[in-house]
Every structure is written in structure tokens, then in C-alpha cells.
Amino acid sequence: MSNQIDTIRAAWQGRISGCLLGKPVEMISMREGPEGLNKFLSDSGSLPLRNYVNYMEHEMLRGANIKCCLGKMDKAEVDDDITYLVLALMMLERHGIDIDTDDVARSWINLLPVGATFTAERDSYLKLIERMDMTYQFGGKRNFDLNEINDGEYNDWIGAQIRIDMYGWVLPGKPKLAAELARRDAILSHRGCAVEASAYIAGLCALIPESNSREEAVNAALDLIDKDSEAYEAVLLGINNAGNPASKLHEHYGDMSPVHSLNNLSVVVWAFLSFQDSFDEAIGETICCGWDTDCTGATVGGLIGLDQGSIPELWTEPWQGRVLTAVAGVGELNLDDLVDRTCALVDKFSSSPDLT
């Protein structure tokens with residue numbers, strides 16, 4: 001039991017800490033690329049990045065992101081990477097493993113402010129509002145096609161990939177089911193490679209606690225996704241460049257959107273495999289790679305937490321177990337409570353031996 005609690009706690013701590021590390025430089029990375037990102041990190045005295053980012057004035061570092069800098073933090077500020085994790089926890093508490101895409105859609109409408117959504121999620125949210133009738137919100141029959149909802153210009157971006165870790169966390173040793181639950185969630189707003197990327201990460205989360213090495217888990221998770229998908233290629237790119245400079249990933253993906261699912265999936269796999277001796281180095285180099293820094297930092301941090309079962313206090317002390325979320329009516333949550341609730345789901349689902 002203690003091992004399970006330690007693992008889940010470390011997963012939460014790693015995901016939150018990685019998110020907070022990447023949050024101050026997210027917009028700098030997106031607008032100025034890896035060169036601008038690393039210039040800011042260098043000029044602010046933050047390199048090598050092995051602690052939270054030092055604050056330095058910049059037009060794209062503002063608002064709550066300033067409160068994620070070193071010495072300015074007293075809690076985990078609101079971020080969609082964490083909000084979706086909490087929402088997934090709440091959905092699983094209510095619906096269990098029978099959760100379907102309509103449950104996710106209704107949860108968005110009832111619990112997720114539209115202002116907390118971005119790109120593909122915002123697009124799908126607005127289409128839901130336009131197409132559903134009032135009864136659907138409260139469990140009524142769906143009178144629209146999901147393909148109307150996920151048909152948007154952002155449906156191969158990273159949004160679904162940041163929503164699905166929880167499905168793997170609560171189903172250790174059951175990667176196929178974790179991947180399936182991730183797909184049910186992802187198809188509300190995404191298609192194709194983005195859905196496969198989500199299934200891969202959820203399956204990987206379920207595999208790590210039961211695997212003998214990171215390499216074993218990363219390779220086994222490939223069996224869960226379509227081998228013809230670009231997501232499969234993105235994982236292989238991360239595997240094949242483990243130990244190589246991050247520039248190899250940038251050379252491959254060129255000018256792809258910094259919030260695409262594929263380049264960021266490669267970063268996650270690359271960092272998870274490349275830096276196995278130090279949490280500090282792993283999430284630091286994840287952020288220095290660029291693209292969607294808070295998202296990749298969160299995902300890598302969570303994966304390492306599952307693997308190592310502990311996160312250095314350097315990363316956890318500044319936010320003091322205080323977790324803010326945009327979920328309606330929830331506000332601030334306590335880490336201990338989140339860990340207890342997550343472990344309760346692990347226990348619940350593990351008692352069903354027929355689950356695979």
C-alpha cells in the first residue's frame with residue numbers, strides 16, 4: 001500500500017512541478033522558438049535549468065506565470081494541464097471505467113468554464129453548445145454526431161494528450177484499458193494522430209509501474225497504437241534520438257506548430273529515456289527543448305514520478321501541496337486529498353480482475 005501511495009504522490013508531484021517549471025516560458029517558447037527561449041533562460045541566469053525559472057521582465061511573462069518563478073511561488077497556479085487531470089479524476093469517481101465520450105462532453109459543459117479551454121477544446125466546446133439540446137447536458141440523448149464536434153483545425157494538436165494521464169495512473173498493469181479510456185476522452189475534440197498520442201501516453205502510464213525499465217515500458221506502449229499513425233513515428237523518433245541533442249527533434253519537425261501533438265510526443269519520449277539519473281535534468285532539458293513547455297514538462301514529470309516513486313523536495317516545497325484548478329466550484333485542492341482519492345480508484349479498479 002505504501003508503495004502505491006508513494007507512486008501516486010510522486011506522479012502528482014512530478015506532473016505539477018514539471019508544469020510549473022514550463023509555465024513561465026510557455027509563450028516565449030511558442031512565439032520566439034528554442035533560440036528565444038534559451039536566450040531568456042540564459043539572460044535570467046536560469047541555465048542549466050535545474051530549478052524553477054528565475055524571474056526576469058519579459059513582455060510574454062506576465063500574470064499568474066510570474067508566480068511560477070523561483071522565489072515567487074506559494075501554490076500551484078491554475079493551468080489546464082492540471083485542471084484536466086483533476087477533471088479526469090472526478091469523472092472516474094462518478095462514472096468508473098464505463099466512462100464514455102458523452103460523459104466527458106457533459107462534464108465539460110457542467111464543470112469546465114469555457115475560458116479554461118483552448119484551441120481544439122474551445123472549438124469543440126462551442127460546437128457542443130451550438131448543437132446539443134438542454135436535456136443532453138443532464139444525461140439526455142445525444143442528437144448530434146461526434147464528428148461534427150471534433151472536426152476542427154486544431155484536432156491534431158496537443159490538447160487531448162494533456163488530458164489523459166489519470167486513466168493510466170489508476171490502471172497500473174492494464175494498459176489496453178487505459179489507452180481505450182484515453183481514446184474515449186480524446187475523440188471529443190481530436191482525431192487521428194492526436195488520439196493515438198493520447199492512447200500512447202495513457203498506456204505508458206499504466207505500464208511504467210509494472211515494467212522493469214523505462215525502455216521496456218516505452219516499447220511495450222507502442223503495441224497499443226496504430227503502427228501506421230504518425231504518433232507511432234513520433235515515438236520512434238524519441239526512442240532513436242535518446243541521448244542525442246534535442247536539435248535532432250527540431251530538425252525533423254521543422255516549423256510544425258509548437259502545440260502539435262507529434263513534436264511534443266517526441267520530446268516526452270526523448271526526455272524520459274535520455275535523462276534517467278536525475279529528475280532535475282530530465283524536466284529541465286524537457287523545457288529547454290521548447291515547443292509546448294508546460295505540457296511536456298507536466299507529462300515527463302508525471303512519468304518520472306510513476307517510475308521513481310519520489311520527487312526531490314526542491315520541486316515540491318515551493319507550492320506547499322496547494323493546487324489550484326479551474327474546475328467549477330472546486331477552486332483550491334490539497335495534494336494529500338488528491339493522492340488519497342486517486343489511490344482509492346486504483347484500489348477500486350484493481351479489485352476487478354477481469355479488467356485488461
# chains A, B, ... in the order shown; residues from 1 in each chain; ligands from 1
call {"tool": "residues_around", "arguments": {"residues": "A:Pro258", "least_positions_apart": "5", "cutoff": "9 Å", "atoms": "only C-alpha atoms", "output": "number ranges by chain"}}
result
A: 29-31, 33, 157, 263-264, 290-292
call {"tool": "write_last_selection", "arguments": {"atoms": "C-alpha atoms", "output": "PDB file, in the first residue's frame"}}
result
ATOM      1  CA  SER A  29       8.894  29.303 -26.408  1.00  0.00           C
ATOM      2  CA  MET A  30       5.863  29.432 -28.685  1.00  0.00           C
ATOM      3  CA  ARG A  31       6.498  32.902 -30.064  1.00  0.00           C
ATOM      4  CA  GLY A  33      11.222  29.393 -30.644  1.00  0.00           C
ATOM      5  CA  TRP A 157      -2.746  19.411 -31.626  1.00  0.00           C
ATOM      6  CA  ASN A 263       6.654  17.060 -31.891  1.00  0.00           C
ATOM      7  CA  ASN A 264       5.699  17.255 -28.227  1.00  0.00           C
ATOM      8  CA  GLY A 290      10.985  24.120 -26.330  1.00  0.00           C
ATOM      9  CA  TRP A 291       7.635  23.831 -28.085  1.00  0.00           C
ATOM     10  CA  ASP A 292       4.802  23.420 -25.502  1.00  0.00           C
TER      11      ASP A 292
END
call {"tool": "select_by_dssp", "arguments": {"residues": "stretch 273-351 of chain A", "states": "strand (DSSP E or B)", "output": "JSON, numbers by chain"}}
result
{"A": [322, 323, 324, 332, 333, 334]}
call {"tool": "residues_around", "arguments": {"residues": "A:Ala231", "least_positions_apart": "4", "cutoff": "10 Å", "atoms": "only C-alpha atoms", "output": "JSON, numbers by chain"}}
result
{"A": [192, 193, 194, 195, 196, 197, 198, 199, 200, 222, 225, 226, 227, 235, 236, 237, 261, 262, 263, 265, 266]}
call {"tool": "residues_around", "arguments": {"residues": "A:Ala88", "least_positions_apart": "4", "cutoff": "8 Å", "atoms": "only C-alpha atoms", "output": "PyMOL selection string"}}
result
chain A and resi 84+92+163-164+166-167
call {"tool": "closest_residue", "arguments": {"among": "A:Ile201, A:Met134, A:Val78, A:Val330", "to": "A:Ile16", "atoms": "only C-alpha atoms"}}
result
A:Val78
call {"tool": "closest_residue", "arguments": {"among": "A:Ile5, A:Val323, A:Ala64, A:Ala182", "to": "A:Leu204", "atoms": "only C-alpha atoms"}}
result
A:Ala182
call {"tool": "residues_around", "arguments": {"residues": "A:Ser310", "least_positions_apart": "4", "cutoff": "8 Å", "atoms": "only C-alpha atoms", "output": "ChimeraX atom specification"}}
result
/A:6-7,9-10,305
call {"tool": "write_last_selection", "arguments": {"atoms": "C-alpha atoms", "output": "PDB file, in the first residue's frame"}}
result
ATOM      1  CA  ASP A   6       4.301   6.879  -2.888  1.00  0.00           C
ATOM      2  CA  THR A   7       3.938   6.226  -6.622  1.00  0.00           C
ATOM      3  CA  ARG A   9       2.031  11.024  -4.843  1.00  0.00           C
ATOM      4  CA  ALA A  10       5.178  11.237  -6.958  1.00  0.00           C
ATOM      5  CA  GLY A 305       7.097  10.145 -10.712  1.00  0.00           C
TER       6      GLY A 305
END
call {"tool": "residues_around", "arguments": {"residues": "A:Gln13", "least_positions_apart": "4", "cutoff": "8 Å", "atoms": "only C-alpha atoms", "output": "list in words"}}
result
Arg9, Ser17, Gly301, Gly302, Gly305, Ile311 and Thr316 of chain A
call {"tool": "residues_around", "arguments": {"residues": "A:Asn65", "least_positions_apart": "2", "cutoff": "6 Å", "atoms": "only C-alpha atoms", "output": "PyMOL selection string"}}
result
chain A and resi 23-24+62-63+67-68
call {"tool": "write_last_selection", "arguments": {"atoms": "C-alpha atoms", "output": "mmCIF file, in the first residue's frame"}}
result
data_model
loop_
_atom_site.group_PDB
_atom_site.id
_atom_site.type_symbol
_atom_site.label_atom_id
_atom_site.label_comp_id
_atom_site.auth_asym_id
_atom_site.auth_seq_id
_atom_site.Cartn_x
_atom_site.Cartn_y
_atom_site.Cartn_z
ATOM 1 C CA LYS A 23 4.690 27.715 -17.377
ATOM 2 C CA PRO A 24 6.705 30.966 -17.152
ATOM 3 C CA ARG A 62 3.008 38.060 -17.053
ATOM 4 C CA GLY A 63 0.057 37.345 -14.771
ATOM 5 C CA LYS A 67 4.025 33.432 -9.678
ATOM 6 C CA CYS A 68 5.554 30.229 -11.056
#
call {"tool": "closest_residue", "arguments": {"among": "A:Ala328, A:Ser274, A:Arg322, A:Glu216", "to": "A:Ser107", "atoms": "only C-alpha atoms"}}
result
A:Ala328
call {"tool": "closest_residue", "arguments": {"among": "A:Arg94, A:Arg122, A:Lys39, A:Arg341", "to": "A:Asp80", "atoms": "only C-alpha atoms"}}
result
A:Arg122
call {"tool": "closest_residue", "arguments": {"among": "A:Tyr154, A:Gly331, A:Asp102, A:Phe118", "to": "A:Arg142", "atoms": "only C-alpha atoms"}}
result
A:Asp102
call {"tool": "select_by_dssp", "arguments": {"residues": "stretch 124-203 of chain A", "states": "helix (DSSP H, G or I)", "output": "VMD selection string"}}
result
chain A and resid 124 to 131 134 to 137 146 to 149 159 to 162 165 to 169 175 to 186 192 to 203
call {"tool": "write_last_selection", "arguments": {"atoms": "N, CA and C atoms", "output": "short mmCIF file (atom, residue, chain, number, x, y, z; two decimals), in the first residue's frame"}}
result
data_model
loop_
_atom_site.label_atom_id
_atom_site.label_comp_id
_atom_site.auth_asym_id
_atom_site.auth_seq_id
_atom_site.Cartn_x
_atom_site.Cartn_y
_atom_site.Cartn_z
N SER A 124 -14.37 22.65 -29.86
CA SER A 124 -15.35 21.60 -29.64
C SER A 124 -16.40 22.01 -28.61
N TYR A 125 -15.98 22.74 -27.60
CA TYR A 125 -16.90 23.23 -26.57
C TYR A 125 -17.98 24.10 -27.21
N LEU A 126 -17.58 25.02 -28.05
CA LEU A 126 -18.55 25.93 -28.69
C LEU A 126 -19.49 25.16 -29.62
N LYS A 127 -18.98 24.14 -30.28
CA LYS A 127 -19.84 23.33 -31.14
C LYS A 127 -20.82 22.52 -30.31
N LEU A 128 -20.39 22.05 -29.15
CA LEU A 128 -21.31 21.36 -28.25
C LEU A 128 -22.48 22.26 -27.86
N ILE A 129 -22.15 23.47 -27.45
CA ILE A 129 -23.18 24.42 -27.04
C ILE A 129 -24.16 24.68 -28.18
N GLU A 130 -23.64 24.78 -29.36
CA GLU A 130 -24.47 25.10 -30.53
C GLU A 130 -25.38 23.94 -30.92
N ARG A 131 -24.88 22.70 -30.82
CA ARG A 131 -25.61 21.56 -31.37
C ARG A 131 -26.45 20.78 -30.37
N MET A 134 -31.01 21.08 -24.41
CA MET A 134 -30.84 21.26 -22.97
C MET A 134 -30.81 19.93 -22.23
N THR A 135 -31.54 18.93 -22.71
CA THR A 135 -31.60 17.66 -21.99
C THR A 135 -30.27 16.92 -22.02
N TYR A 136 -29.49 17.10 -23.08
CA TYR A 136 -28.21 16.38 -23.20
C TYR A 136 -27.29 16.69 -22.04
N GLN A 137 -27.29 17.93 -21.62
CA GLN A 137 -26.42 18.37 -20.53
C GLN A 137 -26.64 17.54 -19.27
N LEU A 146 -20.62 13.02 -33.20
CA LEU A 146 -19.35 13.46 -32.63
C LEU A 146 -18.39 14.00 -33.70
N ASN A 147 -18.53 13.51 -34.93
CA ASN A 147 -17.67 14.01 -35.99
C ASN A 147 -17.93 15.47 -36.31
N GLU A 148 -19.11 15.96 -35.91
CA GLU A 148 -19.38 17.39 -36.04
C GLU A 148 -18.61 18.19 -35.00
N ILE A 149 -18.33 17.55 -33.88
CA ILE A 149 -17.71 18.24 -32.75
C ILE A 149 -16.19 18.26 -32.87
N GLY A 159 -3.88 19.10 -27.21
CA GLY A 159 -4.88 19.20 -26.15
C GLY A 159 -5.30 17.88 -25.53
N ALA A 160 -5.61 16.88 -26.35
CA ALA A 160 -6.06 15.60 -25.80
C ALA A 160 -4.95 14.89 -25.05
N GLN A 161 -3.74 15.08 -25.49
CA GLN A 161 -2.57 14.41 -24.91
C GLN A 161 -2.32 14.85 -23.47
N ILE A 162 -2.82 16.04 -23.09
CA ILE A 162 -2.58 16.53 -21.73
C ILE A 162 -3.74 16.21 -20.79
N ASP A 165 -3.53 11.38 -18.54
CA ASP A 165 -2.62 10.65 -17.64
C ASP A 165 -3.37 9.84 -16.59
N MET A 166 -4.42 10.40 -16.05
CA MET A 166 -5.13 9.77 -14.95
C MET A 166 -5.64 8.38 -15.30
N TYR A 167 -6.02 8.16 -16.56
CA TYR A 167 -6.52 6.85 -16.95
C TYR A 167 -5.45 5.77 -16.78
N GLY A 168 -4.20 6.12 -17.01
CA GLY A 168 -3.12 5.18 -16.78
C GLY A 168 -2.73 5.07 -15.33
N TRP A 169 -2.79 6.18 -14.61
CA TRP A 169 -2.41 6.18 -13.19
C TRP A 169 -3.27 5.20 -12.39
N PRO A 175 -2.77 -1.57 -19.44
CA PRO A 175 -2.52 -0.52 -20.44
C PRO A 175 -3.55 -0.46 -21.57
N LYS A 176 -4.10 -1.62 -21.97
CA LYS A 176 -5.08 -1.60 -23.06
C LYS A 176 -6.32 -0.83 -22.65
N LEU A 177 -6.77 -1.06 -21.43
CA LEU A 177 -7.95 -0.35 -20.95
C LEU A 177 -7.64 1.13 -20.78
N ALA A 178 -6.48 1.46 -20.24
CA ALA A 178 -6.10 2.86 -20.09
C ALA A 178 -6.09 3.57 -21.43
N ALA A 179 -5.53 2.92 -22.45
CA ALA A 179 -5.48 3.51 -23.78
C ALA A 179 -6.88 3.69 -24.35
N GLU A 180 -7.76 2.72 -24.09
CA GLU A 180 -9.13 2.82 -24.57
C GLU A 180 -9.86 3.99 -23.92
N LEU A 181 -9.71 4.15 -22.62
CA LEU A 181 -10.36 5.28 -21.94
C LEU A 181 -9.83 6.60 -22.48
N ALA A 182 -8.53 6.67 -22.76
CA ALA A 182 -7.95 7.89 -23.32
C ALA A 182 -8.57 8.20 -24.68
N ARG A 183 -8.79 7.18 -25.49
CA ARG A 183 -9.40 7.41 -26.80
C ARG A 183 -10.83 7.94 -26.65
N ARG A 184 -11.58 7.39 -25.70
CA ARG A 184 -12.95 7.86 -25.49
C ARG A 184 -12.97 9.35 -25.13
N ASP A 185 -12.00 9.76 -24.35
CA ASP A 185 -11.88 11.17 -23.96
C ASP A 185 -11.41 12.01 -25.15
N ALA A 186 -10.37 11.54 -25.82
CA ALA A 186 -9.71 12.34 -26.86
C ALA A 186 -10.61 12.63 -28.05
N GLY A 192 -7.28 11.22 -35.38
CA GLY A 192 -6.04 10.72 -35.94
C GLY A 192 -4.88 10.61 -34.98
N CYS A 193 -3.76 11.24 -35.37
CA CYS A 193 -2.51 11.09 -34.62
C CYS A 193 -2.63 11.62 -33.19
N ALA A 194 -3.46 12.63 -32.97
CA ALA A 194 -3.60 13.17 -31.63
C ALA A 194 -4.31 12.19 -30.70
N VAL A 195 -5.26 11.44 -31.23
CA VAL A 195 -5.94 10.42 -30.44
C VAL A 195 -4.97 9.29 -30.11
N GLU A 196 -4.16 8.88 -31.10
CA GLU A 196 -3.19 7.83 -30.87
C GLU A 196 -2.11 8.27 -29.88
N ALA A 197 -1.69 9.53 -29.96
CA ALA A 197 -0.71 10.05 -29.00
C ALA A 197 -1.27 9.99 -27.58
N SER A 198 -2.54 10.30 -27.43
CA SER A 198 -3.18 10.25 -26.12
C SER A 198 -3.24 8.82 -25.60
N ALA A 199 -3.63 7.90 -26.48
CA ALA A 199 -3.70 6.49 -26.08
C ALA A 199 -2.31 5.99 -25.68
N TYR A 200 -1.29 6.45 -26.39
CA TYR A 200 0.07 6.03 -26.06
C TYR A 200 0.48 6.48 -24.66
N ILE A 201 0.26 7.74 -24.35
CA ILE A 201 0.68 8.26 -23.04
C ILE A 201 -0.09 7.59 -21.91
N ALA A 202 -1.40 7.39 -22.08
CA ALA A 202 -2.18 6.73 -21.04
C ALA A 202 -1.71 5.29 -20.84
N GLY A 203 -1.46 4.60 -21.95
CA GLY A 203 -0.96 3.23 -21.85
C GLY A 203 0.40 3.16 -21.20
#
call {"tool": "closest_residue", "arguments": {"among": "A:Leu345, A:Val267, A:Leu49, A:Leu37", "to": "A:Cys295", "atoms": "only C-alpha atoms"}}
result
A:Val267
call {"tool": "atom_distance", "arguments": {"atom1": "atom CA of A:Ala11", "atom2": "atom CA of A:Glu281"}}
result
16.9 Å
call {"tool": "atom_distance", "arguments": {"atom1": "atom CA of A:Glu233", "atom2": "atom CA of A:Asp255"}}
result
17.4 Å
